[in-house]
Structure formats: structure tokens, C-alpha cells
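**Student:** The following file, input.pdb, comprises PDB, C-alpha atoms:
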```pdb
ATOM      1  CA  MET Z   1      32.449  24.739   3.355
ATOM      2  CA  ASN Z   2      32.727  28.040   1.497
ATOM      3  CA  ILE Z   3      33.100  31.126   3.656
ATOM      4  CA  SER Z   4      33.075  34.727   2.480
ATOM      5  CA  LEU Z   5      35.698  37.356   3.174
ATOM      6  CA  SER Z   6      33.060  39.295   5.091
ATOM      7  CA  GLU Z   7      32.588  36.325   7.433
ATOM      8  CA  ILE Z   8      36.348  35.982   7.923
ATOM      9  CA  TYR Z   9      36.563  39.703   8.639
ATOM     10  CA  LYS Z  10      33.756  39.537  11.196
ATOM     11  CA  THR Z  11      35.334  36.507  12.899
ATOM     12  CA  LEU Z  12      38.693  38.243  13.258
ATOM     13  CA  LEU Z  13      37.066  41.493  14.329
ATOM     14  CA  ASP Z  14      35.079  39.685  17.026
ATOM     15  CA  ARG Z  15      38.290  38.118  18.353
ATOM     16  CA  TYR Z  16      40.706  41.028  18.194
ATOM     17  CA  GLY Z  17      38.607  44.181  18.001
ATOM     18  CA  GLU Z  18      39.160  47.118  15.672
ATOM     19  CA  PRO Z  19      42.895  47.792  15.397
ATOM     20  CA  ARG Z  20      42.955  50.804  12.973
ATOM     21  CA  TRP Z  21      46.566  49.927  12.588
ATOM     22  CA  TRP Z  22      49.793  51.576  11.623
ATOM     23  CA  PRO Z  23      52.036  52.834  14.396
ATOM     24  CA  ALA Z  24      52.831  56.400  13.299
ATOM     25  CA  ASN Z  25      52.175  59.939  14.463
ATOM     26  CA  THR Z  26      51.858  61.586  11.035
ATOM     27  CA  PRO Z  27      51.145  60.527   7.443
ATOM     28  CA  TYR Z  28      54.742  61.270   6.529
ATOM     29  CA  GLU Z  29      55.940  58.961   9.286
ATOM     30  CA  VAL Z  30      53.811  56.247   7.656
ATOM     31  CA  ILE Z  31      55.645  56.887   4.381
ATOM     32  CA  VAL Z  32      59.000  56.614   6.123
ATOM     33  CA  GLY Z  33      57.931  53.467   7.974
ATOM     34  CA  ALA Z  34      56.732  51.837   4.755
ATOM     35  CA  ILE Z  35      60.202  52.297   3.259
ATOM     36  CA  LEU Z  36      62.174  51.329   6.352
ATOM     37  CA  THR Z  37      60.188  48.154   7.058
ATOM     38  CA  GLN Z  38      61.307  46.567   3.800
ATOM     39  CA  ASN Z  39      63.247  43.362   4.593
ATOM     40  CA  THR Z  40      63.384  43.967   8.337
ATOM     41  CA  ALA Z  41      61.354  43.643  11.534
ATOM     42  CA  TRP Z  42      59.219  46.544  12.734
ATOM     43  CA  SER Z  43      61.239  46.714  15.958
ATOM     44  CA  ASN Z  44      64.232  47.806  13.865
ATOM     45  CA  VAL Z  45      62.125  50.463  12.166
ATOM     46  CA  GLU Z  46      61.145  51.853  15.561
ATOM     47  CA  LYS Z  47      64.825  52.098  16.503
ATOM     48  CA  ALA Z  48      65.580  53.937  13.269
ATOM     49  CA  ILE Z  49      62.695  56.389  13.662
ATOM     50  CA  ALA Z  50      63.790  57.064  17.244
ATOM     51  CA  GLY Z  51      67.053  58.391  15.798
ATOM     52  CA  PHE Z  52      65.290  61.479  14.455
ATOM     53  CA  ASP Z  53      64.808  64.575  16.575
ATOM     54  CA  GLU Z  54      62.491  65.774  13.830
ATOM     55  CA  LEU Z  55      60.985  63.434  11.263
ATOM     56  CA  SER Z  56      59.594  65.676   8.560
ATOM     57  CA  PRO Z  57      59.849  65.755   4.768
ATOM     58  CA  GLU Z  58      61.686  69.064   4.989
ATOM     59  CA  PHE Z  59      64.310  67.520   7.264
ATOM     60  CA  VAL Z  60      64.824  64.497   5.005
ATOM     61  CA  THR Z  61      65.064  66.743   1.941
ATOM     62  CA  GLU Z  62      67.696  68.960   3.505
ATOM     63  CA  THR Z  63      69.749  66.223   5.213
ATOM     64  CA  ASP Z  64      72.832  64.836   3.514
ATOM     65  CA  GLY Z  65      72.410  61.268   2.252
ATOM     66  CA  ALA Z  66      75.250  59.929   4.387
ATOM     67  CA  GLU Z  67      73.794  61.492   7.530
ATOM     68  CA  LEU Z  68      70.357  60.151   6.666
ATOM     69  CA  ALA Z  69      71.817  56.668   6.206
ATOM     70  CA  ARG Z  70      73.511  56.941   9.599
ATOM     71  CA  ARG Z  71      70.244  57.788  11.309
ATOM     72  CA  ILE Z  72      68.321  54.881   9.777
ATOM     73  CA  ARG Z  73      71.114  52.337  10.223
ATOM     74  CA  PRO Z  74      69.090  50.093  12.636
ATOM     75  CA  ALA Z  75      66.602  49.373   9.812
ATOM     76  CA  GLY Z  76      69.279  47.689   7.687
ATOM     77  CA  PHE Z  77      70.157  48.333   4.026
ATOM     78  CA  TYR Z  78      70.568  51.910   5.238
ATOM     79  CA  ASN Z  79      72.414  53.364   2.233
ATOM     80  CA  GLN Z  80      69.799  51.961  -0.129
ATOM     81  CA  LYS Z  81      66.887  53.022   2.057
ATOM     82  CA  ALA Z  82      68.323  56.532   2.401
ATOM     83  CA  GLU Z  83      68.105  56.807  -1.389
ATOM     84  CA  TYR Z  84      64.552  55.506  -1.314
ATOM     85  CA  LEU Z  85      63.548  58.007   1.366
ATOM     86  CA  LYS Z  86      65.006  60.824  -0.686
ATOM     87  CA  ALA Z  87      63.102  59.617  -3.750
ATOM     88  CA  VAL Z  88      59.707  59.197  -2.091
ATOM     89  CA  THR Z  89      60.117  62.527  -0.303
ATOM     90  CA  ALA Z  90      60.888  64.183  -3.640
ATOM     91  CA  TRP Z  91      57.636  62.686  -4.949
ATOM     92  CA  PHE Z  92      55.749  64.074  -1.939
ATOM     93  CA  SER Z  93      57.334  67.491  -2.561
ATOM     94  CA  GLU Z  94      55.462  67.655  -5.880
ATOM     95  CA  TYR Z  95      52.354  68.080  -3.719
ATOM     96  CA  ASP Z  96      54.102  70.616  -1.437
ATOM     97  CA  PHE Z  97      53.992  67.973   1.316
ATOM     98  CA  ASP Z  98      50.231  68.551   1.479
ATOM     99  CA  VAL Z  99      48.332  65.380   2.415
ATOM    100  CA  SER Z 100      45.006  66.828   1.303
ATOM    101  CA  ALA Z 101      46.435  67.619  -2.142
ATOM    102  CA  VAL Z 102      47.395  63.964  -2.585
ATOM    103  CA  ARG Z 103      43.980  62.801  -1.398
ATOM    104  CA  ARG Z 104      42.270  64.915  -4.057
ATOM    105  CA  GLN Z 105      43.959  62.922  -6.818
ATOM    106  CA  PRO Z 106      42.588  59.714  -8.376
ATOM    107  CA  LEU Z 107      43.855  56.610  -6.605
ATOM    108  CA  GLN Z 108      45.287  54.984  -9.726
ATOM    109  CA  LYS Z 109      47.177  58.149 -10.669
ATOM    110  CA  VAL Z 110      48.877  58.382  -7.274
ATOM    111  CA  ARG Z 111      49.588  54.637  -7.239
ATOM    112  CA  ALA Z 112      51.246  54.863 -10.656
ATOM    113  CA  GLN Z 113      53.381  57.771  -9.454
ATOM    114  CA  LEU Z 114      54.499  55.852  -6.381
ATOM    115  CA  LEU Z 115      55.290  52.715  -8.378
ATOM    116  CA  SER Z 116      57.524  54.793 -10.638
ATOM    117  CA  THR Z 117      59.436  56.072  -7.590
ATOM    118  CA  LYS Z 118      62.730  54.382  -6.764
ATOM    119  CA  GLY Z 119      62.389  51.822  -3.986
ATOM    120  CA  VAL Z 120      58.584  51.692  -4.029
ATOM    121  CA  GLY Z 121      57.053  48.354  -5.005
ATOM    122  CA  PRO Z 122      53.381  47.322  -4.900
ATOM    123  CA  GLU Z 123      53.214  46.480  -1.185
ATOM    124  CA  THR Z 124      55.025  49.666  -0.172
ATOM    125  CA  ALA Z 125      52.870  51.766  -2.505
ATOM    126  CA  ASP Z 126      49.623  50.302  -1.200
ATOM    127  CA  SER Z 127      50.757  50.695   2.418
ATOM    128  CA  ILE Z 128      51.454  54.385   1.794
ATOM    129  CA  LEU Z 129      48.182  54.886  -0.063
ATOM    130  CA  LEU Z 130      46.053  53.141   2.555
ATOM    131  CA  TYR Z 131      47.730  54.096   5.813
ATOM    132  CA  ALA Z 132      49.151  57.546   5.031
ATOM    133  CA  PHE Z 133      46.450  58.896   2.710
ATOM    134  CA  GLY Z 134      43.354  56.803   3.391
ATOM    135  CA  PHE Z 135      42.853  55.508  -0.144
ATOM    136  CA  PRO Z 136      40.762  52.306  -0.408
ATOM    137  CA  THR Z 137      43.484  49.987  -1.707
ATOM    138  CA  PHE Z 138      44.143  46.602  -0.134
ATOM    139  CA  VAL Z 139      47.631  45.666   1.073
ATOM    140  CA  SER Z 140      48.488  42.095   0.192
ATOM    141  CA  ASP Z 141      51.484  40.746   2.085
ATOM    142  CA  ALA Z 142      52.987  37.418   3.107
ATOM    143  CA  TYR Z 143      50.405  36.948   5.879
ATOM    144  CA  THR Z 144      47.521  37.552   3.471
ATOM    145  CA  ILE Z 145      48.903  35.209   0.834
ATOM    146  CA  ARG Z 146      49.476  32.534   3.483
ATOM    147  CA  LEU Z 147      45.887  32.834   4.732
ATOM    148  CA  CYS Z 148      44.545  32.480   1.186
ATOM    149  CA  SER Z 149      46.623  29.398   0.447
ATOM    150  CA  ARG Z 150      45.844  27.635   3.726
ATOM    151  CA  TYR Z 151      42.158  28.369   4.114
ATOM    152  CA  PRO Z 152      41.951  28.072   1.068
ATOM    153  CA  LEU Z 153      40.456  31.062  -0.710
ATOM    154  CA  PRO Z 154      40.242  31.257  -4.517
ATOM    155  CA  ALA Z 155      42.513  34.285  -4.650
ATOM    156  CA  GLY Z 156      45.133  32.899  -6.993
ATOM    157  CA  LYS Z 157      48.812  33.413  -6.319
ATOM    158  CA  GLY Z 158      50.954  36.493  -6.171
ATOM    159  CA  TYR Z 159      50.485  40.037  -4.961
ATOM    160  CA  SER Z 160      48.242  41.435  -7.678
ATOM    161  CA  SER Z 161      45.895  38.454  -7.759
ATOM    162  CA  VAL Z 162      45.351  38.362  -3.996
ATOM    163  CA  LYS Z 163      44.922  42.150  -3.830
ATOM    164  CA  ALA Z 164      42.306  42.029  -6.591
ATOM    165  CA  TYR Z 165      40.428  39.202  -4.879
ATOM    166  CA  PHE Z 166      40.023  41.184  -1.660
ATOM    167  CA  GLU Z 167      39.087  44.382  -3.472
ATOM    168  CA  ASP Z 168      36.547  42.577  -5.664
ATOM    169  CA  ASN Z 169      34.854  40.863  -2.715
ATOM    170  CA  LEU Z 170      34.747  43.654  -0.131
ATOM    171  CA  PRO Z 171      33.277  47.167  -0.070
ATOM    172  CA  ALA Z 172      35.780  49.763  -1.311
ATOM    173  CA  ASP Z 173      36.216  51.170   2.181
ATOM    174  CA  ALA Z 174      39.594  52.276   3.522
ATOM    175  CA  VAL Z 175      38.585  51.553   7.126
ATOM    176  CA  ILE Z 176      37.624  47.962   6.270
ATOM    177  CA  PHE Z 177      40.811  47.460   4.251
ATOM    178  CA  ASN Z 178      42.868  48.968   7.076
ATOM    179  CA  ASN Z 179      41.280  46.798   9.751
ATOM    180  CA  PHE Z 180      41.193  43.608   7.700
ATOM    181  CA  HIS Z 181      44.849  43.744   6.742
ATOM    182  CA  ALA Z 182      45.819  44.515  10.334
ATOM    183  CA  LEU Z 183      43.664  41.659  11.651
ATOM    184  CA  ILE Z 184      45.240  39.207   9.207
ATOM    185  CA  VAL Z 185      48.699  40.297  10.385
ATOM    186  CA  ILE Z 186      47.704  39.989  14.053
ATOM    187  CA  ASN Z 187      46.245  36.522  13.550
ATOM    188  CA  GLY Z 188      49.219  35.567  11.410
ATOM    189  CA  LYS Z 189      51.575  36.409  14.246
ATOM    190  CA  GLU Z 190      49.376  34.728  16.863
ATOM    191  CA  HIS Z 191      48.395  31.583  14.973
ATOM    192  CA  CYS Z 192      48.962  31.402  11.210
ATOM    193  CA  ARG Z 193      52.744  31.424  11.399
ATOM    194  CA  SER Z 194      55.041  29.648   8.969
ATOM    195  CA  LYS Z 195      54.702  26.791  11.487
ATOM    196  CA  PRO Z 196      51.058  27.321  12.483
ATOM    197  CA  LEU Z 197      49.646  27.293  15.994
ATOM    198  CA  CYS Z 198      46.122  26.133  15.198
ATOM    199  CA  ASP Z 199      44.834  25.677  18.756
ATOM    200  CA  SER Z 200      42.294  28.426  19.566
ATOM    201  CA  CYS Z 201      42.750  30.100  16.168
ATOM    202  CA  PRO Z 202      39.496  31.978  15.486
ATOM    203  CA  LEU Z 203      39.537  30.733  11.890
ATOM    204  CA  GLY Z 204      40.349  27.133  12.721
ATOM    205  CA  GLU Z 205      36.795  25.785  12.444
ATOM    206  CA  ASN Z 206      36.625  26.405   8.696
ATOM    207  CA  CYS Z 207      40.314  26.267   7.761
ATOM    208  CA  ARG Z 208      41.040  23.224   5.632
ATOM    209  CA  ARG Z 209      44.665  23.224   6.749
ATOM    210  CA  CYS Z 210      43.880  23.396  10.464
ATOM    211  CA  GLY Z 211      46.052  20.897  12.317
ATOM    212  CA  VAL Z 212      47.840  19.760   9.158
TER     213      VAL Z 212
END
```
Can I see the file as C-alpha cells?

**Tutor:**
Amino acid sequence: MNISLSEIYKTLLDRYGEPRWWPANTPYEVIVGAILTQNTAWSNVEKAIAGFDELSPEFVTETDGAELARRIRPAGFYNQKAEYLKAVTAWFSEYDFDVSAVRRQPLQKVRAQLLSTKGVGPETADSILLYAFGFPTFVSDAYTIRLCSRYPLPAGKGYSSVKAYFEDNLPADAVIFNNFHALIVINGKEHCRSKPLCDSCPLGENCRRCGV
């Protein structure tokens, strides 16, 4: 049975509700979180962010690299990530740390700028674009790729292919992209794990890998 992305979205939304997901207080905190979450659990990112009395681009710009690395140590790879934070903050400074100035730019221009920034790959760039600035760009991650391969969905393999499949088959709406990615992550943690827990999975009825 073929099932559309819209039907999958509705099924997950009916089960979990609208998450509007990324745990951050400001757009800049989203940027920081997107860097710090690379190769680590979100719980470690929360510990790192808690080490800041003030988490602002001005503070990161003015703070010595060694001190910045010390503060983000719980997130792992702290020397490397301190460099990445400096780099992405320098990019943001080109817009005078003005979120609205970034939002006025074409999506592909900003994405290209981010991808040319040290430490920012496709998933990190799309997370920043979607969650910090509200651009309609889909975040493809391990949970999304796993869903596509198990269901299966004809999304191909790899980040770019899966991202394009979702963007080509859904309205270009940042709220939908935000919710859908979050719902896939939630269901991935609840059911579609590396060793799946198929019982009561909301997508189990149509999943060709259910119970396998």
C-alpha cells in the first residue's frame, strides 16, 4: 500500500500533537545548540548551555577560545566546537546579529553562506535555517532516513535525496517542516529505534518492516 507523506504527517500529529520543537529561548541559542549537538546527546548540550550566565553572540565573540571551550566541555569535542561557535557567530555578525536581517535574505543564499562556515554541514545548516530563522527547509537526519528505508518511502539514500523528497512532496511551510521533523524524531525515540519497538507504533499498520 502506498501512503503519502501528508498521511504519515497526519498520523503522527494525531498521536503526538503539535510539538513546534527545538528547546531554546532565543534564535541564537538554537544556533549554539545546533553546533553543540553534533556527535553527542542533547542532555550533554543542555549541560553545556547551563554553563553560560549569558548566552549571546556578543559574549561568544568577546570570550577567549579556551574559556569558551571550558564552558562547553560537557558537549564533547569542546575545542573543535569552540572554533565552530566562533565561526558561526562571526557569520551572524555580518548581519549585526539581527534575525530579521537574515530572514529577509533568500533561503539558498543564507544556506550557502552557512555551508561555507567552518563546522556547519547540511544537517546543522538546515537546523539553523528552520529552527532559528523559520526558513522552509527540511532537516533530514538519521531518524528520517531510517523511517524512509523501513517504511519504505521512495526517497533514495543520503541526506540530500531524503531532504529533496520531503520538500518536493509537502507544502513549503516552515511550521509543517518543523512539526514533521520533530514528530519523526519523537516516534523514532519511542518506536523506530535502531532495534524497533513496533507494538503500538502509530505507523505500524502500513510499515512494511513492522515486526521484522

**Student:** Residues within 7 Å of region 201-205 of chain Z, please, as a list in words. Count only C-alpha atoms; anything in the same chain fewer than 4 positions from it doesn't count.

**Tutor:**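 In the requested format, the answer is Thr11, Leu12, Arg15, His191 and Cys210 of chain Z.
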
**Student:** For this structure, which residues satisfy the selection - the PyMOL selection byres ((chain Z and resi 105-120) around 12) - when it is evaluated on the file as given? I want them as a PyMOL selection string.

**Tutor:** chain Z and resi 31-32+34-38+77+79-92+94-95+98-104+121-130+133-138+172+174

**Student:** Using all atoms listed in the file, which of Z:Thr26, Z:Ser200, Z:Asn178, Z:Asn39 sits nearest Leu55 (chain Z)?

**Tutor:** Z:Thr26

**Student:** Pick from Z:Phe177, Z:Tyr165, Z:Tyr159, Z:Phe52: nearest to Ala142 (chain Z), with only C-alpha atoms counted?

**Tutor:**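 Checking each candidate against Ala142 (chain Z), we get Z:Tyr159 as the closest.
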
**Student:** Would you compute the distance between CA of Tyr131 (chain Z) and CA of Val30 (chain Z)? Give it in Å to one decimal.

**Tutor:**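 Value for the CA of Tyr131 (chain Z)-CA of Val30 (chain Z) distance: 6.7 Å.
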
**Student:** What do you get, as a PDB file with C-alpha atoms, in the frame of the given file, if you spell out every residue that the PyMOL selection byres ((chain Z and resi 157) around 12) selects here?

**Tutor:**
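Dumped to selection_0.pdb:
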```pdb
ATOM      1  CA  SER Z 140      48.488  42.095   0.192  1.00  0.00           C
ATOM      2  CA  ASP Z 141      51.484  40.746   2.085  1.00  0.00           C
ATOM      3  CA  ALA Z 142      52.987  37.418   3.107  1.00  0.00           C
ATOM      4  CA  THR Z 144      47.521  37.552   3.471  1.00  0.00           C
ATOM      5  CA  ILE Z 145      48.903  35.209   0.834  1.00  0.00           C
ATOM      6  CA  ARG Z 146      49.476  32.534   3.483  1.00  0.00           C
ATOM      7  CA  LEU Z 147      45.887  32.834   4.732  1.00  0.00           C
ATOM      8  CA  CYS Z 148      44.545  32.480   1.186  1.00  0.00           C
ATOM      9  CA  SER Z 149      46.623  29.398   0.447  1.00  0.00           C
ATOM     10  CA  ARG Z 150      45.844  27.635   3.726  1.00  0.00           C
ATOM     11  CA  PRO Z 152      41.951  28.072   1.068  1.00  0.00           C
ATOM     12  CA  LEU Z 153      40.456  31.062  -0.710  1.00  0.00           C
ATOM     13  CA  PRO Z 154      40.242  31.257  -4.517  1.00  0.00           C
ATOM     14  CA  ALA Z 155      42.513  34.285  -4.650  1.00  0.00           C
ATOM     15  CA  GLY Z 156      45.133  32.899  -6.993  1.00  0.00           C
ATOM     16  CA  GLY Z 158      50.954  36.493  -6.171  1.00  0.00           C
ATOM     17  CA  TYR Z 159      50.485  40.037  -4.961  1.00  0.00           C
ATOM     18  CA  SER Z 160      48.242  41.435  -7.678  1.00  0.00           C
ATOM     19  CA  SER Z 161      45.895  38.454  -7.759  1.00  0.00           C
ATOM     20  CA  VAL Z 162      45.351  38.362  -3.996  1.00  0.00           C
ATOM     21  CA  LYS Z 163      44.922  42.150  -3.830  1.00  0.00           C
ATOM     22  CA  ALA Z 164      42.306  42.029  -6.591  1.00  0.00           C
ATOM     23  CA  TYR Z 165      40.428  39.202  -4.879  1.00  0.00           C
TER      24      TYR Z 165
END
```

**Student:** Using all atoms listed in the file, list the residues that have an atom at most 6 Å from (48.2, 23.8, 13.7), coordinates as in the file, as a VMD selection string.

**Tutor:** chain Z and resid 196 to 198 210 to 211

**Student:** Using only C-alpha atoms - which residues lie no farther than 12 Å from the point (42.9, 45.2, 12.4) in the file's frame? Write them as a VMD selection string.

**Tutor:** chain Z and resid 9 to 22 174 to 188

**Student:** To one decimal place, how far is CA of Thr63 (chain Z) from CA of Asn25 (chain Z) in Å?

**Tutor:**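 Taking CA of Thr63 (chain Z) and CA of Asn25 (chain Z), their separation equals 20.8 Å.
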
**Student:** Work out how far CA of Arg73 (chain Z) is from CA of Ala48 (chain Z), in Å to one decimal.

**Tutor:**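 Distance reported for this atom pair: 6.5 Å.
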
**Student:** Centre and edge lengths of an axis-aligned box around all listed atoms of region 156-163 of chain Z, with 6 Å added on each side, are to be given in Å to one decimal, as lines of an AutoDock Vina configuration file.

**Tutor:**
```
center_x = 47.9
center_y = 37.5
center_z = -5.8
size_x = 18.0
size_y = 21.3
size_z = 15.9
```

**Student:** Using all atoms listed in the file, which residue out of Z:Tyr151, Z:Tyr143, Z:Tyr78, Z:Phe166 lies closest to Gly65 (chain Z)?

**Tutor:** Z:Tyr78

**Student:** Could I get region 38-72 of chain Z from the block written out with N, CA and C atoms, as a PDB file, in the first residue's frame?

**Tutor:**
```pdb
ATOM      1  N   GLN Z  38      26.225  18.238  17.716  1.00  0.00           N
ATOM      2  CA  GLN Z  38      26.943  17.360  16.796  1.00  0.00           C
ATOM      3  C   GLN Z  38      27.669  16.256  17.577  1.00  0.00           C
ATOM      4  N   ASN Z  39      27.383  15.012  17.234  1.00  0.00           N
ATOM      5  CA  ASN Z  39      28.068  13.844  17.813  1.00  0.00           C
ATOM      6  C   ASN Z  39      27.904  13.727  19.329  1.00  0.00           C
ATOM      7  N   THR Z  40      26.759  14.161  19.843  1.00  0.00           N
ATOM      8  CA  THR Z  40      26.520  13.983  21.275  1.00  0.00           C
ATOM      9  C   THR Z  40      25.019  14.001  21.544  1.00  0.00           C
ATOM     10  N   ALA Z  41      24.643  13.581  22.747  1.00  0.00           N
ATOM     11  CA  ALA Z  41      23.234  13.576  23.143  1.00  0.00           C
ATOM     12  C   ALA Z  41      22.805  14.979  23.561  1.00  0.00           C
ATOM     13  N   TRP Z  42      21.498  15.260  23.390  1.00  0.00           N
ATOM     14  CA  TRP Z  42      21.002  16.587  23.744  1.00  0.00           C
ATOM     15  C   TRP Z  42      21.174  16.886  25.234  1.00  0.00           C
ATOM     16  N   SER Z  43      21.133  15.870  26.063  1.00  0.00           N
ATOM     17  CA  SER Z  43      21.329  16.095  27.506  1.00  0.00           C
ATOM     18  C   SER Z  43      22.689  16.726  27.785  1.00  0.00           C
ATOM     19  N   ASN Z  44      23.697  16.388  27.000  1.00  0.00           N
ATOM     20  CA  ASN Z  44      25.018  16.993  27.166  1.00  0.00           C
ATOM     21  C   ASN Z  44      25.030  18.444  26.690  1.00  0.00           C
ATOM     22  N   VAL Z  45      24.247  18.718  25.663  1.00  0.00           N
ATOM     23  CA  VAL Z  45      24.120  20.099  25.184  1.00  0.00           C
ATOM     24  C   VAL Z  45      23.488  20.965  26.268  1.00  0.00           C
ATOM     25  N   GLU Z  46      22.457  20.456  26.909  1.00  0.00           N
ATOM     26  CA  GLU Z  46      21.798  21.207  27.976  1.00  0.00           C
ATOM     27  C   GLU Z  46      22.775  21.532  29.101  1.00  0.00           C
ATOM     28  N   LYS Z  47      23.641  20.576  29.429  1.00  0.00           N
ATOM     29  CA  LYS Z  47      24.646  20.822  30.473  1.00  0.00           C
ATOM     30  C   LYS Z  47      25.614  21.916  30.040  1.00  0.00           C
ATOM     31  N   ALA Z  48      25.998  21.887  28.771  1.00  0.00           N
ATOM     32  CA  ALA Z  48      26.927  22.902  28.264  1.00  0.00           C
ATOM     33  C   ALA Z  48      26.294  24.285  28.268  1.00  0.00           C
ATOM     34  N   ILE Z  49      25.051  24.376  27.799  1.00  0.00           N
ATOM     35  CA  ILE Z  49      24.368  25.671  27.748  1.00  0.00           C
ATOM     36  C   ILE Z  49      24.151  26.226  29.155  1.00  0.00           C
ATOM     37  N   ALA Z  50      23.940  25.324  30.110  1.00  0.00           N
ATOM     38  CA  ALA Z  50      23.747  25.763  31.501  1.00  0.00           C
ATOM     39  C   ALA Z  50      25.007  26.411  32.074  1.00  0.00           C
ATOM     40  N   GLY Z  51      26.138  26.199  31.421  1.00  0.00           N
ATOM     41  CA  GLY Z  51      27.397  26.779  31.891  1.00  0.00           C
ATOM     42  C   GLY Z  51      27.557  28.249  31.547  1.00  0.00           C
ATOM     43  N   PHE Z  52      26.609  28.812  30.817  1.00  0.00           N
ATOM     44  CA  PHE Z  52      26.672  30.219  30.446  1.00  0.00           C
ATOM     45  C   PHE Z  52      25.772  31.054  31.347  1.00  0.00           C
ATOM     46  N   ASP Z  53      26.332  32.115  31.922  1.00  0.00           N
ATOM     47  CA  ASP Z  53      25.497  33.083  32.621  1.00  0.00           C
ATOM     48  C   ASP Z  53      24.733  33.911  31.601  1.00  0.00           C
ATOM     49  N   GLU Z  54      25.390  34.147  30.467  1.00  0.00           N
ATOM     50  CA  GLU Z  54      24.787  34.908  29.380  1.00  0.00           C
ATOM     51  C   GLU Z  54      25.170  34.230  28.077  1.00  0.00           C
ATOM     52  N   LEU Z  55      24.189  33.751  27.346  1.00  0.00           N
ATOM     53  CA  LEU Z  55      24.459  33.118  26.059  1.00  0.00           C
ATOM     54  C   LEU Z  55      23.990  34.058  24.958  1.00  0.00           C
ATOM     55  N   SER Z  56      24.934  34.858  24.487  1.00  0.00           N
ATOM     56  CA  SER Z  56      24.625  35.833  23.439  1.00  0.00           C
ATOM     57  C   SER Z  56      25.762  35.826  22.434  1.00  0.00           C
ATOM     58  N   PRO Z  57      25.505  36.274  21.205  1.00  0.00           N
ATOM     59  CA  PRO Z  57      26.592  36.318  20.223  1.00  0.00           C
ATOM     60  C   PRO Z  57      27.697  37.278  20.634  1.00  0.00           C
ATOM     61  N   GLU Z  58      27.333  38.346  21.318  1.00  0.00           N
ATOM     62  CA  GLU Z  58      28.358  39.288  21.783  1.00  0.00           C
ATOM     63  C   GLU Z  58      29.288  38.614  22.778  1.00  0.00           C
ATOM     64  N   PHE Z  59      28.710  37.829  23.689  1.00  0.00           N
ATOM     65  CA  PHE Z  59      29.530  37.136  24.687  1.00  0.00           C
ATOM     66  C   PHE Z  59      30.473  36.141  24.021  1.00  0.00           C
ATOM     67  N   VAL Z  60      29.963  35.351  23.091  1.00  0.00           N
ATOM     68  CA  VAL Z  60      30.801  34.355  22.417  1.00  0.00           C
ATOM     69  C   VAL Z  60      31.886  35.039  21.606  1.00  0.00           C
ATOM     70  N   THR Z  61      31.576  36.148  20.974  1.00  0.00           N
ATOM     71  CA  THR Z  61      32.578  36.887  20.199  1.00  0.00           C
ATOM     72  C   THR Z  61      33.712  37.383  21.081  1.00  0.00           C
ATOM     73  N   GLU Z  62      33.361  37.885  22.236  1.00  0.00           N
ATOM     74  CA  GLU Z  62      34.355  38.516  23.111  1.00  0.00           C
ATOM     75  C   GLU Z  62      35.098  37.534  24.012  1.00  0.00           C
ATOM     76  N   THR Z  63      34.602  36.312  24.147  1.00  0.00           N
ATOM     77  CA  THR Z  63      35.195  35.337  25.064  1.00  0.00           C
ATOM     78  C   THR Z  63      36.368  34.625  24.415  1.00  0.00           C
ATOM     79  N   ASP Z  64      37.426  34.467  25.158  1.00  0.00           N
ATOM     80  CA  ASP Z  64      38.605  33.739  24.696  1.00  0.00           C
ATOM     81  C   ASP Z  64      38.233  32.298  24.332  1.00  0.00           C
ATOM     82  N   GLY Z  65      38.872  31.779  23.282  1.00  0.00           N
ATOM     83  CA  GLY Z  65      38.551  30.437  22.799  1.00  0.00           C
ATOM     84  C   GLY Z  65      38.714  29.366  23.857  1.00  0.00           C
ATOM     85  N   ALA Z  66      39.760  29.474  24.668  1.00  0.00           N
ATOM     86  CA  ALA Z  66      39.994  28.473  25.710  1.00  0.00           C
ATOM     87  C   ALA Z  66      38.898  28.513  26.764  1.00  0.00           C
ATOM     88  N   GLU Z  67      38.455  29.712  27.119  1.00  0.00           N
ATOM     89  CA  GLU Z  67      37.378  29.847  28.099  1.00  0.00           C
ATOM     90  C   GLU Z  67      36.066  29.334  27.529  1.00  0.00           C
ATOM     91  N   LEU Z  68      35.838  29.610  26.248  1.00  0.00           N
ATOM     92  CA  LEU Z  68      34.631  29.112  25.596  1.00  0.00           C
ATOM     93  C   LEU Z  68      34.627  27.592  25.574  1.00  0.00           C
ATOM     94  N   ALA Z  69      35.770  27.000  25.255  1.00  0.00           N
ATOM     95  CA  ALA Z  69      35.884  25.536  25.250  1.00  0.00           C
ATOM     96  C   ALA Z  69      35.611  24.968  26.632  1.00  0.00           C
ATOM     97  N   ARG Z  70      36.090  25.645  27.669  1.00  0.00           N
ATOM     98  CA  ARG Z  70      35.852  25.171  29.035  1.00  0.00           C
ATOM     99  C   ARG Z  70      34.369  25.148  29.359  1.00  0.00           C
ATOM    100  N   ARG Z  71      33.656  26.170  28.929  1.00  0.00           N
ATOM    101  CA  ARG Z  71      32.236  26.262  29.242  1.00  0.00           C
ATOM    102  C   ARG Z  71      31.410  25.195  28.522  1.00  0.00           C
ATOM    103  N   ILE Z  72      31.821  24.824  27.325  1.00  0.00           N
ATOM    104  CA  ILE Z  72      31.023  23.853  26.555  1.00  0.00           C
ATOM    105  C   ILE Z  72      31.568  22.439  26.683  1.00  0.00           C
TER     106      ILE Z  72
END
```
